[in-house]
Amino acid sequence: MVMRHRFYPGDYFLIWLALVSMGLFFRPLTPVDETRVVSVAWEMWQRGDFLVPHLNGEPYSHKPPLLPWCIQLTWWVFGVNEWSARLVAPLFGLGALVLTADLARRLWPQRPACHRLAPLFLLAMPLWSFWTSLTLYDMLMAFFTLLGLQGVIRAAQGETRAGWALAGLALGGGLLSKGPVILLLILPSALFAPAWLKPKPGWGRWYLSLLAAILLGAVIALAWAIPAGYAGGEAYRKLIFWGQSAGRLANSFAHQRPFCWYLELLPVLLFPWLWWPPLWRSARSCELDLGLRFCIIHSLSILLAFSLISGKQIHYLLPLYPLLALVAARILGGPDRPLLRFDQVPIGLLLTGFALAFVMLPQLNLEEFKNEAEEIAHYTPLWAKLVLVGIGASLPFWRFSCPQQGVHGLTLAMLALMFTAHLIYREVGWHFHDLQPFADRLSAAERSATPIAYWSKYNGDFNFLGRLRQPLVEIDSKTKMLEWMKAHGQGYVVLTHEPDPSLSEEGAAFAQAYRGSRRLMLWKASALLSRPETLAMLIDDPDWSGDSADGAGKLLLEKELDLPSSKVKTRLTKLTIPQGGNIPLPSTGPRYVVRGQLKVEQGSSIHVYGPGEAFWQSGPPMRAENVGKADAQLLLIDLGSDSSAGETGHDSPGGQPAPFLISP
């Protein structure tokens, strides 16, 4: 069946609206990035300090203030709420779509199809469509990059003053959005203008005008940075003027990747268009005009510059996507050519393969994704799996009257996939990232004037969601944590931990999933102090029992006994009991539970012991049953005369280790 569709100027607006609605209705504010952005805005709002951004009571130097400023504007109009804050970055994304279409119109005024196609090429790429609804800085950077390129093109087309003024404003906006990286995103096309601009202007005047635009952008940024630097203190001043910029360019604080990392990912990042045959066929006959040279030179310059920078993340390339969409729109924006019968087959096969891999994920036995695969298998509805497979499997049979109609059809197909992915996320991923229940508990604790501490680095996950008005006490020293808990026994401690079946959450005030399979826990300080083994596991120090730094330990067990002889043989054994196991305990002596939950029976007496607890074995026979959810471990110290060493019961009659017995 041949599909026909009439293009409308606002088509891309409806697709953008659908993507943003998906994000608002099917995703919570996700930690740590989105929650941190709105928490910075919340602290700006409640402090009334619009000069120096703060996070958890401290000056926040990692990003400039433009996005929090814009969120303030929405709150002045609508009051403090989540939905208006989450619309700010997507609105910049909509502006980027408008600027992409307008840039295509300026570059190729005689080819109206280009400005209709360019936004659709952009929206069909999964990375762009997903990031469209996120409350992050990347859509701001894409918007100001395109605004700056608009200025360069206008200057090249004779609108000198207006063009360079626009470029300067874009540089200033970019500097206030994410810092000096905007220079790498706007300047290449202006610096390398001799390679694409004909007829050539007076280059001296061109570069002087470019310098003036850079100075204008710097003045805009410094109008905030200078007073903010003095208001925020010396450390903050050094970070915003040097540390965050030079450090990220030379030797990134995080996300260090090899030089070719972006190149290796391009087949995935440029899906589906890199895999669409009509684009490659049309490229062979496409004339390399001024507009194409402009887009290609600028794109390659950005890709090279970002590859040279050590810190790499896939979303750093988002400002490059509109230029690639312009290239694709120009290639297909010429005379219509008929599509071949199997043009959709490569994309259809790739989508089908991806969908089948997703459906079969639990059976692939990928150990690193085991927990997530079980969640997906349990929660993903059957209809969603069928839709994913169905879209990919049916795509080879879709027929379009021309490549331009094919662009629209594939864009709608990718929109359907994105909608299905959001529905699956709502079923599977929501509870991993929704911090509202946890934030509500912190808010209730704050209202009752209960102190709250956070172990290790805090990223502002709860400040906005809980509308907290006081910072959490951030502690990364084990000794300080112990001192704080002893001083605030009724206070609460927030901790995160990697999944560990041996870690018991019994006694925690609240616990929930956090960013995948990790766990987020809220403990009352006194309850955690009474469980030193649990505390040691939560702070990732199995050798630390929570004792004070002066060497005063905690007495676990004390007992007087008569030795059977002057010569005693002592054996220390580690006993591992599988889940559900029930075994006799041999010999006599102290026992220490390393992990798990053990129900110990001796005659009619029954006790349950957890990690860090000790008991004495003597008298009638004892049996230990593992009643926990994972293997349990027990340390046995056996005391006996040298002559009785072979009678302790640790060995089976055949001389082999008894079941469940593991030597240290």
# chains A, B, ... in the order shown; residues from 1 in each chain; ligands from 1
call {"tool": "residues_around", "arguments": {"residues": "His54 (chain A)", "least_positions_apart": "4", "cutoff": "9 Å", "atoms": "only C-alpha atoms", "output": "count of residues only"}}
result
11
call {"tool": "select_by_dssp", "arguments": {"residues": "region 30-156 of chain A", "states": "strand (DSSP E or B)", "output": "list of chain:residue names"}}
result
A:His54, A:Leu55, A:Glu58, A:Pro59
call {"tool": "closest_residue", "arguments": {"among": "A:Leu146, A:Leu123, A:Ala228, A:Gly79", "to": "Leu415 (chain A)", "atoms": "only C-alpha atoms"}}
result
A:Leu123
call {"tool": "closest_residue", "arguments": {"among": "A:Met360, A:Tyr609, A:Gly392, A:Gln602", "to": "Met622 (chain A)", "atoms": "only C-alpha atoms"}}
result
A:Gln602
call {"tool": "residues_around", "arguments": {"residues": "Trp455 (chain A)", "least_positions_apart": "4", "cutoff": "12 Å", "atoms": "only C-alpha atoms", "output": "list in words"}}
result
Asn459, Leu472, Val473, Glu474, Ile475, Asp476, Ser477, Lys478, Thr479, Lys480, Met481, Leu482, Trp484, Met485, Tyr492, Val493, Val494, Leu495, Thr496, His497, Leu520, Met521, Leu522, Trp523, Ala525, Leu535, Leu538, Ile539 and Asp540 of chain A
call {"tool": "residues_around", "arguments": {"residues": "Leu216 (chain A)", "least_positions_apart": "2", "cutoff": "10 Å", "atoms": "only C-alpha atoms", "output": "list of chain:residue names"}}
result
A:Trp164, A:Ala165, A:Leu166, A:Ala167, A:Gly168, A:Leu169, A:Ala170, A:Leu171, A:Gly172, A:Leu210, A:Leu211, A:Ala212, A:Ala213, A:Ile214, A:Ala218, A:Val219, A:Ile220, A:Ala221, A:Leu222
call {"tool": "write_last_selection", "arguments": {"atoms": "C-alpha atoms", "output": "PDB file, in the first residue's frame"}}
result
ATOM      1  CA  TRP A 164      26.905  39.694  14.271  1.00  0.00           C
ATOM      2  CA  ALA A 165      24.660  41.164  16.997  1.00  0.00           C
ATOM      3  CA  LEU A 166      22.604  37.962  16.877  1.00  0.00           C
ATOM      4  CA  ALA A 167      25.779  35.870  17.078  1.00  0.00           C
ATOM      5  CA  GLY A 168      26.953  37.878  20.090  1.00  0.00           C
ATOM      6  CA  LEU A 169      23.612  37.436  21.862  1.00  0.00           C
ATOM      7  CA  ALA A 170      23.752  33.695  21.154  1.00  0.00           C
ATOM      8  CA  LEU A 171      27.268  33.464  22.585  1.00  0.00           C
ATOM      9  CA  GLY A 172      26.141  35.292  25.709  1.00  0.00           C
ATOM     10  CA  LEU A 210      33.524  38.107  14.742  1.00  0.00           C
ATOM     11  CA  LEU A 211      35.757  39.405  17.532  1.00  0.00           C
ATOM     12  CA  ALA A 212      33.158  42.064  18.335  1.00  0.00           C
ATOM     13  CA  ALA A 213      30.480  39.354  18.579  1.00  0.00           C
ATOM     14  CA  ILE A 214      32.694  37.341  20.948  1.00  0.00           C
ATOM     15  CA  ALA A 218      31.629  37.876  26.977  1.00  0.00           C
ATOM     16  CA  VAL A 219      30.149  41.150  28.252  1.00  0.00           C
ATOM     17  CA  ILE A 220      26.741  39.482  28.660  1.00  0.00           C
ATOM     18  CA  ALA A 221      28.246  36.583  30.618  1.00  0.00           C
ATOM     19  CA  LEU A 222      30.561  38.761  32.718  1.00  0.00           C
TER      20      LEU A 222
END
call {"tool": "select_by_dssp", "arguments": {"residues": "region 42-275 of chain A", "states": "helix (DSSP H, G or I)", "output": "MDAnalysis selection string"}}
result
chainID A and resid 42:47 66:78 82:107 112:124 126:131 138:156 160:177 181:191 193:195 203:232 234:250 261:269 273:275
call {"tool": "closest_residue", "arguments": {"among": "A:Ser618, A:Thr100, A:Thr160, A:Gln72", "to": "Ser587 (chain A)", "atoms": "only C-alpha atoms"}}
result
A:Ser618
call {"tool": "residues_around", "arguments": {"residues": "Arg330 (chain A)", "least_positions_apart": "6", "cutoff": "8 Å", "atoms": "only C-alpha atoms", "output": "VMD selection string"}}
result
chain A and resid 108 114 292
call {"tool": "write_last_selection", "arguments": {"atoms": "C-alpha atoms", "output": "mmCIF file, in the first residue's frame"}}
result
data_model
loop_
_atom_site.group_PDB
_atom_site.id
_atom_site.type_symbol
_atom_site.label_atom_id
_atom_site.label_comp_id
_atom_site.auth_asym_id
_atom_site.auth_seq_id
_atom_site.Cartn_x
_atom_site.Cartn_y
_atom_site.Cartn_z
ATOM 1 C CA TRP A 108 18.282 26.998 0.322
ATOM 2 C CA CYS A 114 14.311 21.513 2.854
ATOM 3 C CA LEU A 292 26.081 22.019 2.335
#
call {"tool": "closest_residue", "arguments": {"among": "A:Val52, A:Leu215, A:Val80, A:Ala614", "to": "Ala231 (chain A)", "atoms": "only C-alpha atoms"}}
result
A:Val52
call {"tool": "decode", "arguments": {"residues": "region 504-517 of chain A", "atoms": "all heavy atoms", "output": "mmCIF file, in the first residue's frame"}}
result
data_model
loop_
_atom_site.group_PDB
_atom_site.id
_atom_site.type_symbol
_atom_site.label_atom_id
_atom_site.label_comp_id
_atom_site.auth_asym_id
_atom_site.auth_seq_id
_atom_site.Cartn_x
_atom_site.Cartn_y
_atom_site.Cartn_z
ATOM 1 N N SER A 504 20.289 -6.526 55.238
ATOM 2 C CA SER A 504 18.924 -6.502 55.745
ATOM 3 C C SER A 504 18.437 -5.058 55.884
ATOM 4 O O SER A 504 19.152 -4.200 56.388
ATOM 5 C CB SER A 504 18.851 -7.208 57.099
ATOM 6 O OG SER A 504 17.565 -7.049 57.671
ATOM 7 N N GLU A 505 17.200 -4.805 55.418
ATOM 8 C CA GLU A 505 16.587 -3.495 55.570
ATOM 9 C C GLU A 505 15.639 -3.459 56.766
ATOM 10 O O GLU A 505 14.954 -2.461 56.971
ATOM 11 C CB GLU A 505 15.854 -3.110 54.290
ATOM 12 C CG GLU A 505 16.783 -2.935 53.100
ATOM 13 C CD GLU A 505 16.053 -2.595 51.817
ATOM 14 O OE1 GLU A 505 14.798 -2.564 51.839
ATOM 15 O OE2 GLU A 505 16.721 -2.369 50.798
ATOM 16 N N GLU A 506 15.612 -4.554 57.523
ATOM 17 C CA GLU A 506 14.776 -4.592 58.711
ATOM 18 C C GLU A 506 15.252 -3.535 59.703
ATOM 19 O O GLU A 506 16.428 -3.452 60.034
ATOM 20 C CB GLU A 506 14.838 -5.979 59.351
ATOM 21 C CG GLU A 506 13.940 -6.117 60.573
ATOM 22 C CD GLU A 506 14.049 -7.487 61.212
ATOM 23 O OE1 GLU A 506 14.775 -8.341 60.638
ATOM 24 O OE2 GLU A 506 13.443 -7.702 62.262
ATOM 25 N N GLY A 507 14.348 -2.724 60.154
ATOM 26 C CA GLY A 507 14.688 -1.645 61.068
ATOM 27 C C GLY A 507 14.767 -0.294 60.398
ATOM 28 O O GLY A 507 14.769 0.741 61.084
ATOM 29 N N ALA A 508 14.858 -0.266 59.059
ATOM 30 C CA ALA A 508 14.900 1.010 58.347
ATOM 31 C C ALA A 508 13.536 1.680 58.402
ATOM 32 O O ALA A 508 12.489 1.016 58.341
ATOM 33 C CB ALA A 508 15.337 0.803 56.900
ATOM 34 N N ALA A 509 13.527 3.007 58.512
ATOM 35 C CA ALA A 509 12.260 3.738 58.532
ATOM 36 C C ALA A 509 11.569 3.691 57.181
ATOM 37 O O ALA A 509 10.335 3.665 57.102
ATOM 38 C CB ALA A 509 12.509 5.187 58.947
ATOM 39 N N PHE A 510 12.348 3.650 56.101
ATOM 40 C CA PHE A 510 11.782 3.585 54.754
ATOM 41 C C PHE A 510 12.893 3.174 53.797
ATOM 42 O O PHE A 510 14.066 3.502 54.015
ATOM 43 C CB PHE A 510 11.203 4.940 54.328
ATOM 44 C CG PHE A 510 10.475 4.904 53.014
ATOM 45 C CD1 PHE A 510 9.278 4.242 52.903
ATOM 46 C CD2 PHE A 510 11.008 5.520 51.893
ATOM 47 C CE1 PHE A 510 8.600 4.192 51.683
ATOM 48 C CE2 PHE A 510 10.350 5.493 50.678
ATOM 49 C CZ PHE A 510 9.133 4.827 50.574
ATOM 50 N N ALA A 511 12.537 2.433 52.756
ATOM 51 C CA ALA A 511 13.506 2.030 51.738
ATOM 52 C C ALA A 511 12.781 1.888 50.409
ATOM 53 O O ALA A 511 11.598 1.533 50.357
ATOM 54 C CB ALA A 511 14.185 0.715 52.112
ATOM 55 N N GLN A 512 13.489 2.202 49.321
ATOM 56 C CA GLN A 512 12.903 2.064 47.998
ATOM 57 C C GLN A 512 14.016 1.886 46.971
ATOM 58 O O GLN A 512 15.203 2.057 47.259
ATOM 59 C CB GLN A 512 12.070 3.297 47.641
ATOM 60 C CG GLN A 512 12.882 4.574 47.417
ATOM 61 C CD GLN A 512 12.056 5.663 46.755
ATOM 62 O OE1 GLN A 512 11.219 6.285 47.399
ATOM 63 N NE2 GLN A 512 12.289 5.877 45.474
ATOM 64 N N ALA A 513 13.610 1.512 45.749
ATOM 65 C CA ALA A 513 14.573 1.385 44.655
ATOM 66 C C ALA A 513 15.103 2.762 44.279
ATOM 67 O O ALA A 513 14.429 3.781 44.455
ATOM 68 C CB ALA A 513 13.915 0.722 43.453
ATOM 69 N N TYR A 514 16.325 2.775 43.733
ATOM 70 C CA TYR A 514 16.966 4.047 43.396
ATOM 71 C C TYR A 514 17.832 3.870 42.157
ATOM 72 O O TYR A 514 18.802 3.117 42.173
ATOM 73 C CB TYR A 514 17.833 4.522 44.565
ATOM 74 C CG TYR A 514 18.565 5.829 44.343
ATOM 75 C CD1 TYR A 514 17.867 7.017 44.195
ATOM 76 C CD2 TYR A 514 19.952 5.867 44.279
ATOM 77 C CE1 TYR A 514 18.528 8.214 44.010
ATOM 78 C CE2 TYR A 514 20.624 7.064 44.094
ATOM 79 C CZ TYR A 514 19.913 8.239 43.954
ATOM 80 O OH TYR A 514 20.577 9.422 43.764
ATOM 81 N N ARG A 515 17.442 4.512 41.068
ATOM 82 C CA ARG A 515 18.231 4.549 39.832
ATOM 83 C C ARG A 515 18.641 3.142 39.374
ATOM 84 O O ARG A 515 19.797 2.843 39.166
ATOM 85 C CB ARG A 515 19.469 5.417 40.014
ATOM 86 C CG ARG A 515 19.163 6.861 40.354
ATOM 87 C CD ARG A 515 20.434 7.655 40.526
ATOM 88 N NE ARG A 515 21.188 7.728 39.278
ATOM 89 C CZ ARG A 515 22.467 8.059 39.193
ATOM 90 N NH1 ARG A 515 23.151 8.320 40.305
ATOM 91 N NH2 ARG A 515 23.074 8.112 38.027
ATOM 92 N N GLY A 516 17.656 2.285 39.205
ATOM 93 C CA GLY A 516 17.948 0.921 38.782
ATOM 94 C C GLY A 516 17.830 -0.025 39.949
ATOM 95 O O GLY A 516 16.856 -0.007 40.705
ATOM 96 N N SER A 517 18.828 -0.863 40.127
ATOM 97 C CA SER A 517 18.754 -1.887 41.167
ATOM 98 C C SER A 517 19.310 -1.424 42.505
ATOM 99 O O SER A 517 19.311 -2.186 43.469
ATOM 100 C CB SER A 517 19.511 -3.140 40.703
ATOM 101 O OG SER A 517 20.852 -2.821 40.401
#
